[in-house]
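Data from query_39.txt: compact mmCIF, C-alpha atoms and all ligand atoms
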# COMPACT_ATOMS: atom_id res chain seq x y z
CA MET A 11 5.32 1.66 2.15
CA ARG A 12 7.19 1.14 -1.10
CA LEU A 13 4.27 -0.56 -2.84
CA ILE A 14 2.44 2.76 -2.91
CA GLY A 15 5.39 4.30 -4.71
CA TYR A 16 4.77 1.84 -7.53
CA GLY A 17 1.22 3.17 -7.79
CA LEU A 18 -0.28 0.10 -6.13
CA ARG A 19 -3.39 0.35 -3.95
CA VAL A 20 -3.13 -1.58 -0.71
CA PHE A 21 -5.24 -2.56 2.29
CA PRO A 22 -4.68 -4.71 5.39
CA LEU A 23 -5.22 -8.46 5.49
CA GLN A 24 -5.15 -10.85 8.40
CA GLY A 25 -1.60 -11.93 9.09
CA VAL A 26 0.01 -15.22 9.96
CA TRP A 27 1.78 -15.91 13.21
CA ARG A 28 3.44 -18.81 14.94
CA SER A 29 1.22 -20.46 17.50
CA PRO A 30 2.65 -21.87 20.78
CA THR A 31 2.69 -25.27 19.08
CA GLY A 32 4.98 -23.90 16.36
CA GLN A 33 2.42 -23.87 13.57
CA PHE A 34 1.74 -20.81 11.45
CA VAL A 35 -1.88 -19.80 11.92
CA CYS A 36 -4.14 -16.97 10.83
CA THR A 37 -4.38 -13.95 13.13
CA CYS A 38 -8.18 -14.09 12.79
CA GLY A 39 -8.05 -16.69 15.56
CA SER A 40 -10.33 -19.18 13.87
CA GLU A 41 -8.93 -22.69 14.04
CA LYS A 42 -10.91 -23.54 10.95
CA CYS A 43 -9.70 -20.57 8.88
CA GLN A 44 -9.60 -21.72 5.26
CA ASN A 45 -7.64 -18.73 4.04
CA PRO A 46 -4.91 -17.98 6.58
CA GLY A 47 -3.28 -14.59 6.13
CA LYS A 48 -5.27 -13.87 2.99
CA HIS A 49 -8.60 -12.39 4.08
CA PRO A 50 -9.25 -8.72 4.89
CA LEU A 51 -8.58 -7.32 8.34
CA ALA A 52 -12.07 -5.96 8.93
CA SER A 53 -11.23 -4.14 12.17
CA LEU A 54 -9.05 -1.69 10.26
CA ALA A 55 -10.55 -1.83 6.79
CA PRO A 56 -14.22 -2.73 7.20
CA ARG A 57 -14.87 -2.57 3.46
CA GLY A 58 -11.88 -4.76 2.70
CA LEU A 59 -10.71 -4.38 -0.85
CA LYS A 60 -12.86 -1.27 -1.27
CA ASN A 61 -10.71 0.45 1.37
CA ALA A 62 -7.58 -0.06 -0.74
CA THR A 63 -5.67 3.19 -1.15
CA THR A 64 -2.41 4.80 -2.18
CA CYS A 65 -2.72 7.31 0.69
CA GLN A 66 0.55 7.17 2.64
CA SER A 67 -0.85 8.34 5.99
CA THR A 68 -3.77 5.90 5.95
CA VAL A 69 -1.49 3.01 5.11
CA GLU A 70 1.01 4.02 7.79
CA ARG A 71 -1.78 4.18 10.35
CA TRP A 72 -3.06 0.72 9.43
CA PHE A 73 0.28 -1.03 9.56
CA THR A 74 1.46 0.78 12.69
CA ARG A 75 -1.66 -0.42 14.47
CA ALA A 76 -1.38 -3.93 13.05
CA PRO A 77 2.29 -4.64 12.34
CA ALA A 78 1.57 -8.35 11.85
CA ALA A 79 -1.04 -7.67 9.19
CA ASN A 80 -0.41 -8.92 5.71
CA VAL A 81 -0.72 -6.55 2.78
CA GLY A 82 -3.50 -6.87 0.22
CA LEU A 83 -2.92 -5.37 -3.19
CA ALA A 84 -6.02 -4.37 -5.15
CA THR A 85 -5.94 -5.39 -8.79
CA GLY A 86 -7.80 -3.92 -11.74
CA LEU A 87 -5.48 -1.10 -12.79
CA ILE A 88 -2.80 -3.78 -12.74
CA ILE A 89 -3.57 -7.38 -13.58
CA VAL A 90 -1.93 -10.30 -11.82
CA LEU A 91 -1.51 -13.76 -13.28
CA ASP A 92 -1.41 -16.17 -10.36
CA VAL A 93 0.62 -19.26 -11.19
CA ASP A 94 -0.13 -22.07 -8.77
CA PRO A 95 2.20 -25.03 -9.30
CA ARG A 96 0.16 -27.23 -6.97
CA HIS A 97 -2.56 -27.19 -9.60
CA GLY A 98 -0.27 -27.43 -12.60
CA GLY A 99 0.04 -23.67 -13.22
CA ASP A 100 3.73 -23.83 -14.11
CA GLU A 101 3.09 -26.53 -16.68
CA SER A 102 0.10 -24.62 -18.12
CA LEU A 103 2.24 -21.51 -18.45
CA ARG A 104 5.05 -23.47 -20.11
CA GLN A 105 2.59 -24.76 -22.70
CA LEU A 106 1.18 -21.30 -23.37
CA GLU A 107 4.69 -19.89 -23.81
CA ALA A 108 5.51 -22.68 -26.25
CA VAL A 109 2.61 -21.51 -28.41
CA HIS A 110 2.73 -17.73 -27.94
CA GLY A 111 6.38 -17.15 -27.09
CA PRO A 112 7.84 -16.21 -23.72
CA LEU A 113 6.04 -13.69 -21.52
CA PRO A 114 7.52 -10.18 -21.64
CA LEU A 115 9.87 -9.09 -18.86
CA THR A 116 7.70 -7.66 -16.10
CA TRP A 117 7.22 -7.55 -12.32
CA ARG A 118 7.03 -10.91 -10.57
CA VAL A 119 6.47 -11.94 -6.98
CA LEU A 120 7.46 -15.28 -5.51
CA THR A 121 4.60 -16.23 -3.23
CA GLY A 122 5.32 -17.85 0.09
CA GLY A 123 3.40 -20.89 -1.13
CA GLY A 124 5.79 -21.72 -3.98
CA GLY A 125 3.80 -19.99 -6.70
CA GLU A 126 4.33 -16.84 -8.66
CA HIS A 127 2.42 -13.61 -9.28
CA ILE A 128 3.11 -12.07 -12.68
CA PHE A 129 2.05 -8.44 -13.10
CA PHE A 130 0.72 -6.79 -16.26
CA ARG A 131 -0.68 -3.45 -17.30
CA PRO A 132 -4.05 -3.69 -19.09
CA PRO A 133 -4.66 -1.44 -22.10
CA ALA A 134 -6.32 1.86 -21.16
CA GLY A 135 -10.05 1.44 -20.73
CA VAL A 136 -9.97 -2.35 -20.86
CA GLU A 137 -11.38 -4.11 -17.84
CA VAL A 138 -9.89 -7.54 -17.23
CA ARG A 139 -12.01 -9.57 -14.86
CA ASN A 140 -11.08 -12.16 -12.28
CA SER A 141 -10.99 -15.66 -13.61
CA ALA A 142 -9.87 -19.08 -12.46
CA GLY A 143 -8.43 -21.63 -14.82
CA LEU A 144 -9.52 -19.77 -17.95
CA LEU A 145 -5.97 -19.75 -19.33
CA GLY A 146 -5.28 -23.27 -18.11
CA PRO A 147 -5.23 -25.36 -14.95
CA GLY A 148 -3.52 -23.57 -12.07
CA LEU A 149 -3.60 -20.18 -13.80
CA ASP A 150 -5.85 -17.61 -12.18
CA VAL A 151 -6.22 -13.97 -13.13
CA ARG A 152 -6.87 -11.19 -10.63
CA GLY A 153 -8.37 -8.15 -12.28
CA VAL A 154 -11.17 -5.70 -11.54
CA GLY A 155 -12.60 -6.33 -8.08
CA GLY A 156 -9.80 -8.69 -7.09
CA TYR A 157 -6.68 -8.64 -4.96
CA VAL A 158 -3.51 -10.56 -4.26
CA VAL A 159 -1.28 -10.85 -1.22
CA ALA A 160 1.65 -8.45 -1.64
CA PRO A 161 5.39 -8.77 -0.96
CA SER A 162 6.57 -8.62 2.67
CA SER A 163 3.47 -10.58 3.71
CA LEU A 164 3.91 -13.88 5.53
CA HIS A 165 2.46 -17.05 4.02
CA ALA A 166 1.05 -19.85 6.14
CA SER A 167 4.07 -21.89 5.03
CA GLY A 168 6.21 -19.55 7.17
CA ARG A 169 7.85 -17.98 4.11
CA THR A 170 7.36 -14.39 2.98
CA TYR A 171 6.13 -13.10 -0.36
CA GLU A 172 9.09 -11.46 -2.11
CA TRP A 173 9.73 -9.61 -5.36
CA SER A 174 11.67 -11.88 -7.68
CA VAL A 175 15.16 -10.30 -7.81
CA ASP A 176 15.24 -10.29 -11.62
CA HIS A 177 11.73 -8.85 -11.83
CA HIS A 178 11.76 -6.13 -9.21
CA PRO A 179 9.75 -2.95 -9.93
CA ASP A 180 12.82 -0.83 -9.19
CA GLU A 181 14.64 -2.28 -12.20
CA THR A 182 11.91 -3.76 -14.36
CA PRO A 183 9.18 -2.08 -16.42
CA LEU A 184 5.60 -3.19 -15.96
CA ALA A 185 4.79 -4.93 -19.24
CA PRO A 186 1.48 -4.57 -21.05
CA MET A 187 -0.60 -7.73 -20.98
CA PRO A 188 0.14 -9.71 -24.16
CA ASP A 189 -2.62 -9.49 -26.78
CA TRP A 190 -3.14 -13.23 -26.88
CA MET A 191 -3.79 -13.25 -23.15
CA LEU A 192 -6.23 -10.35 -23.38
CA GLU A 193 -8.12 -12.12 -26.11
CA ALA A 194 -8.21 -15.36 -24.17
CA LEU A 195 -9.60 -13.54 -21.13
CA GLY A 196 -12.13 -11.30 -22.85
CA PRO A 197 -15.50 -12.58 -23.99
CA PRO A 198 -15.70 -13.03 -27.76
CA ALA A 199 -16.97 -9.67 -28.98
CA THR A 200 -18.86 -11.30 -31.79
CA GLY A 201 -19.37 -14.60 -30.05
CA PRO A 202 -22.25 -17.04 -30.13
CA ALA A 203 -25.76 -15.73 -30.47
CA ARG A 204 -27.60 -14.79 -27.31
CA PRO A 205 -31.33 -15.02 -26.81
CA ALA A 206 -33.17 -11.81 -27.61
CA SER A 207 -34.49 -11.67 -24.05
CA GLU A 208 -30.94 -11.30 -22.75
CA TRP A 209 -30.22 -8.36 -25.05
CA ARG A 210 -33.52 -6.72 -24.12
CA GLN A 211 -32.70 -7.02 -20.44
CA LEU A 212 -29.22 -5.63 -21.00
CA VAL A 213 -30.44 -2.62 -22.91
CA ALA A 214 -33.22 -1.93 -20.44
CA GLU A 215 -31.23 -2.32 -17.23
CA GLY A 216 -27.88 -0.99 -18.30
CA VAL A 217 -24.50 -2.03 -17.00
CA VAL A 218 -22.22 -1.12 -14.14
CA SER A 219 -18.48 -0.62 -13.85
CA GLY A 220 -16.63 -3.80 -14.65
CA ALA A 221 -18.93 -4.90 -17.45
CA ARG A 222 -19.23 -1.73 -19.48
CA ASN A 223 -16.50 -2.24 -22.02
CA ASN A 224 -17.38 -5.86 -22.67
CA THR A 225 -21.04 -4.98 -23.06
CA VAL A 226 -20.32 -2.17 -25.49
CA ALA A 227 -18.09 -4.55 -27.45
CA ARG A 228 -20.80 -7.22 -27.59
CA LEU A 229 -23.59 -4.85 -28.57
CA THR A 230 -21.36 -3.35 -31.25
CA GLY A 231 -20.62 -6.82 -32.56
CA LEU A 232 -24.32 -7.59 -32.68
CA LEU A 233 -25.10 -4.40 -34.61
CA LEU A 234 -22.29 -4.87 -37.12
CA ARG A 235 -23.30 -8.46 -37.74
CA LYS A 236 -26.76 -7.18 -38.58
CA ASN A 237 -25.05 -4.97 -41.17
CA VAL A 238 -25.61 -1.74 -39.28
CA ASP A 239 -23.17 0.85 -40.63
CA ALA A 240 -20.13 1.30 -38.35
CA LEU A 241 -20.72 5.05 -37.92
CA VAL A 242 -24.34 4.44 -37.01
CA ALA A 243 -23.23 1.76 -34.55
CA LEU A 244 -20.83 4.28 -33.01
CA GLU A 245 -23.63 6.84 -32.59
CA LEU A 246 -25.89 4.22 -31.02
CA MET A 247 -23.20 3.04 -28.62
CA GLN A 248 -22.37 6.60 -27.53
CA ALA A 249 -26.05 7.07 -26.71
CA PHE A 250 -26.24 3.69 -24.95
CA ASN A 251 -23.14 4.54 -22.93
CA ALA A 252 -24.51 7.92 -21.83
CA ALA A 253 -27.90 6.51 -20.89
CA ARG A 254 -27.16 3.05 -19.56
CA CYS A 255 -23.55 2.75 -18.34
CA GLN A 256 -23.04 3.63 -14.70
CA PRO A 257 -20.87 5.62 -14.69
CA PRO A 258 -20.53 6.21 -18.44
CA LEU A 259 -17.21 5.47 -20.11
CA SER A 260 -15.53 8.34 -21.91
CA GLU A 261 -16.54 9.03 -25.51
CA GLU A 262 -12.97 8.23 -26.55
CA GLU A 263 -13.22 4.78 -25.01
CA ILE A 264 -16.46 4.08 -26.83
CA THR A 265 -14.91 5.23 -30.11
CA ARG A 266 -11.89 3.00 -29.51
CA THR A 267 -13.98 -0.05 -28.61
CA VAL A 268 -16.38 0.33 -31.51
CA GLY A 269 -13.41 0.93 -33.83
CA SER A 270 -11.64 -2.23 -32.77
CA ILE A 271 -14.79 -4.34 -33.10
CA ALA A 272 -15.45 -2.83 -36.54
CA LEU A 273 -11.96 -3.85 -37.63
CA LYS A 274 -12.53 -7.40 -36.38
CA GLU A 275 -15.86 -7.56 -38.18
CA LEU A 276 -14.20 -6.32 -41.38
CA LYS A 277 -11.59 -9.07 -41.13
CA ARG A 278 -14.31 -11.63 -40.48
CA ARG A 279 -16.15 -10.56 -43.62
CA GLU A 280 -12.93 -10.68 -45.66
CA VAL A 281 -12.31 -14.23 -44.51
CA ARG A 282 -15.93 -15.16 -45.16
CA ASP A 283 -15.94 -13.58 -48.61
CA GLY A 284 -12.49 -14.89 -49.50
CA VAL A 285 -10.97 -11.41 -49.92
CA ARG A 286 -7.19 -11.30 -49.65
ZN ZN B 1 -8.24 -16.31 9.07

Mind converting the file's structure to structure tokens?
Ligand SMILES: [Zn+2]
Amino acid sequence: MRLIGYGLRVFPLQGVWRSPTGQFVCTCGSEKCQNPGKHPLASLAPRGLKNATTCQSTVERWFTRAPAANVGLATGLIIVLDVDPRHGGDESLRQLEAVHGPLPLTWRVLTGGGGEHIFFRPPAGVEVRNSAGLLGPGLDVRGVGGYVVAPSSLHASGRTYEWSVDHHPDETPLAPMPDWMLEALGPPATGPARPASEWRQLVAEGVVSGARNNTVARLTGLLLRKNVDALVALELMQAFNAARCQPPLSEEEITRTVGSIALKELKRREVRDGVR
């Protein structure tokens, strides 16, 4: 499967087929299926998204046994912006581009439903989460713990998902996610105050994959706002990471995160103090 060659992790989804009455229906067999051709094929991949792999032989086995299966593409290491025109996604994107400039050239898929999937590479160590409507109506983001339906799959409309010819991975680089988008999707590192009980719980219970970077960023922001020296904050966050992040991030990632928050805090103070 060519998707694997692009470094994409895939797993089988229910497919869509034409019923005797001519309608396209989900292969799960449920007449009431709310998500035709888009939910995991549990008989082959019982853990769904968690079974996603780049292993050629596994993937070949799956799709030989279920040739009508659709292909799920696990996100996280790549991020997909899902533009749904039925909910105004194309208009939302147009407005964002008017403010921030056009999106960089990158991979795009035309979904069988008339929408578009726009692919981005997140910065190393940054975990972009799933979100719906955070960037605007009709704009969803599939990140860590998410998936999208991949090209060659059949949509319930009867059309297939296809790479956009001008945005095909064979000819197009995968663009990094624009900074403005990352900032819009990430929680404010030095955002509104949280109750002390929440911080206590966080420090006591620790954090799991998917929340580590954001948590380190927030705790760092808290420390710096309390005028803790940046190097001391770095030491504290390295210790927090080792003791409370499961699994811990690398020391380099902690250094990078603390460094970037320290820079932001410095800028904030300059603005506050009127330094130019
Ligand atoms: Zn179904």

Quiz item: What does the distance from atom CA of Ala249 of chain A to atom CA of Asn237 of chain A come to in Å, to one decimal?
Solution: 18.8 Å

Exercise. Find the distance between atom CA of Val218 of chain A and atom CA of Cys255 of chain A and write it in Å to one decimal.
Key: 5.9 Å

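Atom pair atom CA of Ile88 of chain A / atom CA of Arg139 of chain A: separated by 11.1 Å.
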
Self-check item: Residues within 9 Å of (-1.8, -1.7, -4.9), counting only C-alpha atoms, listed as a PyMOL selection string
Solution: chain A and resi 13-14+16-21+62-64+82-85+87-88+157+160

Practice problem: Could you give me the residues within 10 Å of ligand ZN 1 (chain B), counting all atoms listed in the file, as a PyMOL selection string? | Solution: chain A and resi 23-26+35-51

Exercise. Write out as a VMD selection string each polymer residue whose atoms come within 9 Å of His110 of chain A, counting all atoms listed in the file; drop sequence neighbours fewer than 4 positions from it.
Key: chain A and resid 105 to 106 190

All residues 9 Å or closer to segment 119-126 of chain A, all atoms listed in the file, same chain fewer than 4 positions away omitted, as a PDB file with C-alpha atoms, in the coordinates of the input:
ATOM      1  CA  LEU A  91      -1.510 -13.760 -13.280  1.00  0.00           C
ATOM      2  CA  ASP A  92      -1.410 -16.170 -10.360  1.00  0.00           C
ATOM      3  CA  VAL A  93       0.620 -19.260 -11.190  1.00  0.00           C
ATOM      4  CA  ASP A  94      -0.130 -22.070  -8.770  1.00  0.00           C
ATOM      5  CA  PRO A  95       2.200 -25.030  -9.300  1.00  0.00           C
ATOM      6  CA  ARG A  96       0.160 -27.230  -6.970  1.00  0.00           C
ATOM      7  CA  GLY A  99       0.040 -23.670 -13.220  1.00  0.00           C
ATOM      8  CA  ASP A 100       3.730 -23.830 -14.110  1.00  0.00           C
ATOM      9  CA  VAL A 159      -1.280 -10.850  -1.220  1.00  0.00           C
ATOM     10  CA  ALA A 160       1.650  -8.450  -1.640  1.00  0.00           C
ATOM     11  CA  PRO A 161       5.390  -8.770  -0.960  1.00  0.00           C
ATOM     12  CA  SER A 163       3.470 -10.580   3.710  1.00  0.00           C
ATOM     13  CA  LEU A 164       3.910 -13.880   5.530  1.00  0.00           C
ATOM     14  CA  HIS A 165       2.460 -17.050   4.020  1.00  0.00           C
ATOM     15  CA  ALA A 166       1.050 -19.850   6.140  1.00  0.00           C
ATOM     16  CA  SER A 167       4.070 -21.890   5.030  1.00  0.00           C
ATOM     17  CA  GLY A 168       6.210 -19.550   7.170  1.00  0.00           C
ATOM     18  CA  ARG A 169       7.850 -17.980   4.110  1.00  0.00           C
ATOM     19  CA  THR A 170       7.360 -14.390   2.980  1.00  0.00           C
ATOM     20  CA  TYR A 171       6.130 -13.100  -0.360  1.00  0.00           C
ATOM     21  CA  GLU A 172       9.090 -11.460  -2.110  1.00  0.00           C
ATOM     22  CA  TRP A 173       9.730  -9.610  -5.360  1.00  0.00           C
ATOM     23  CA  SER A 174      11.670 -11.880  -7.680  1.00  0.00           C
ATOM     24  CA  VAL A 175      15.160 -10.300  -7.810  1.00  0.00           C
ATOM     25  CA  HIS A 177      11.730  -8.850 -11.830  1.00  0.00           C
ATOM     26  CA  HIS A 178      11.760  -6.130  -9.210  1.00  0.00           C
TER      27      HIS A 178
END

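Residue nearest Asn251 of chain A within the list A:Pro112, A:Pro183, A:Gly216, A:Gly196: A:Gly216 [criterion: smallest interatomic distance, only C-alpha atoms].
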
Practice problem: Please identify all polymer residues within 12 Å of Trp209 of chain A, counting all atoms listed in the file, omitting same-chain residues fewer than 3 positions from it, and present them as an NGL selection string. | Solution: :A and (203-206 or 212-217 or 225-226 or 228-230 or 232-233)

Exercise. Find the residues around Trp72 of chain A up to 7 Å (all atoms listed in the file counted), leave out those fewer than 4 positions away in its own chain, and share them as a list of chain:residue names.
Key: A:Pro22, A:Leu54, A:Thr68, A:Ala76

Quiz item: Which is closer to Asn224 of chain A than all the others in A:Glu181, A:Lys236, A:Val136, A:Glu193, using only C-alpha atoms?
Solution: A:Val136

Quiz item: Smallest atom-to-atom distance to Asn80 of chain A: which of A:Met191, A:Leu273, A:Ser162, A:Val238, using all atoms listed in the file?
Solution: A:Ser162

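Nearest to Leu241 of chain A of all the residues A:Ser102, A:Thr74, A:Thr116, A:Thr265 is A:Thr265, counting all atoms listed in the file.
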
Practice problem: Just the residues within 6 Å of Pro186 of chain A, please, counting all atoms listed in the file, with nothing from its chain fewer than 6 positions along; format it as a ChimeraX atom specification. | Solution: /A:130-132

Quiz prompt | Minimum-distance residue to Pro114 of chain A, chosen among A:Gly148, A:Pro257, A:Gly15, A:Pro188 (using all atoms listed in the file) | solution = A:Pro188

Once you've located segment 249-278 of chain A in the structure I gave, write it as a compact mmCIF listing (two decimals), in the first residue's frame, keeping N, CA and C atoms.
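Dumped to result_31.txt:
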# COMPACT_ATOMS: atom_id res chain seq x y z
N ALA A 249 12.80 17.53 36.51
CA ALA A 249 12.49 16.61 37.60
C ALA A 249 11.03 16.17 37.53
N PHE A 250 10.14 17.12 37.23
CA PHE A 250 8.72 16.80 37.10
C PHE A 250 8.51 15.79 35.97
N ASN A 251 9.19 16.04 34.85
CA ASN A 251 9.07 15.16 33.69
C ASN A 251 9.50 13.74 34.04
N ALA A 252 10.66 13.63 34.70
CA ALA A 252 11.19 12.30 35.04
C ALA A 252 10.26 11.57 36.01
N ALA A 253 9.67 12.31 36.92
CA ALA A 253 8.89 11.66 37.99
C ALA A 253 7.42 11.49 37.63
N ARG A 254 6.88 12.38 36.82
CA ARG A 254 5.42 12.41 36.67
C ARG A 254 4.90 12.22 35.25
N CYS A 255 5.75 12.31 34.23
CA CYS A 255 5.26 12.11 32.87
C CYS A 255 5.43 10.65 32.49
N GLN A 256 4.37 10.09 31.93
CA GLN A 256 4.38 8.67 31.59
C GLN A 256 4.07 8.46 30.12
N PRO A 257 5.07 8.07 29.30
CA PRO A 257 6.49 8.01 29.64
C PRO A 257 7.08 9.41 29.61
N PRO A 258 8.26 9.60 30.25
CA PRO A 258 8.85 10.94 30.25
C PRO A 258 9.21 11.39 28.84
N LEU A 259 9.13 12.68 28.60
CA LEU A 259 9.63 13.27 27.37
C LEU A 259 11.16 13.29 27.46
N SER A 260 11.82 13.54 26.33
CA SER A 260 13.28 13.62 26.39
C SER A 260 13.69 14.93 27.07
N GLU A 261 14.90 14.92 27.62
CA GLU A 261 15.40 16.15 28.27
C GLU A 261 15.45 17.31 27.28
N GLU A 262 15.79 16.97 26.03
CA GLU A 262 15.88 18.01 25.00
C GLU A 262 14.51 18.67 24.79
N GLU A 263 13.47 17.85 24.80
CA GLU A 263 12.13 18.41 24.59
C GLU A 263 11.75 19.36 25.72
N ILE A 264 12.09 18.95 26.95
CA ILE A 264 11.79 19.79 28.10
C ILE A 264 12.54 21.12 27.98
N THR A 265 13.82 21.02 27.60
CA THR A 265 14.63 22.23 27.46
C THR A 265 14.01 23.15 26.41
N ARG A 266 13.58 22.55 25.31
CA ARG A 266 13.00 23.35 24.22
C ARG A 266 11.70 24.02 24.67
N THR A 267 10.85 23.23 25.34
CA THR A 267 9.56 23.79 25.77
C THR A 267 9.75 24.90 26.78
N VAL A 268 10.59 24.64 27.79
CA VAL A 268 10.82 25.66 28.81
C VAL A 268 11.43 26.90 28.17
N GLY A 269 12.36 26.69 27.23
CA GLY A 269 13.00 27.81 26.53
C GLY A 269 11.99 28.67 25.80
N SER A 270 11.06 28.01 25.10
CA SER A 270 10.11 28.80 24.31
C SER A 270 9.13 29.54 25.21
N ILE A 271 8.76 28.93 26.33
CA ILE A 271 7.86 29.63 27.26
C ILE A 271 8.59 30.81 27.91
N ALA A 272 9.88 30.60 28.22
CA ALA A 272 10.67 31.67 28.84
C ALA A 272 10.75 32.87 27.90
N LEU A 273 10.92 32.59 26.60
CA LEU A 273 10.97 33.68 25.62
C LEU A 273 9.66 34.44 25.60
N LYS A 274 8.56 33.68 25.61
CA LYS A 274 7.23 34.32 25.59
C LYS A 274 7.04 35.19 26.83
N GLU A 275 7.47 34.65 27.97
CA GLU A 275 7.32 35.39 29.22
C GLU A 275 8.15 36.69 29.18
N LEU A 276 9.34 36.57 28.60
CA LEU A 276 10.22 37.74 28.48
C LEU A 276 9.54 38.82 27.64
N LYS A 277 8.93 38.38 26.53
CA LYS A 277 8.24 39.34 25.66
C LYS A 277 7.07 39.98 26.41
N ARG A 278 6.36 39.14 27.18
CA ARG A 278 5.21 39.65 27.93
C ARG A 278 5.66 40.74 28.90
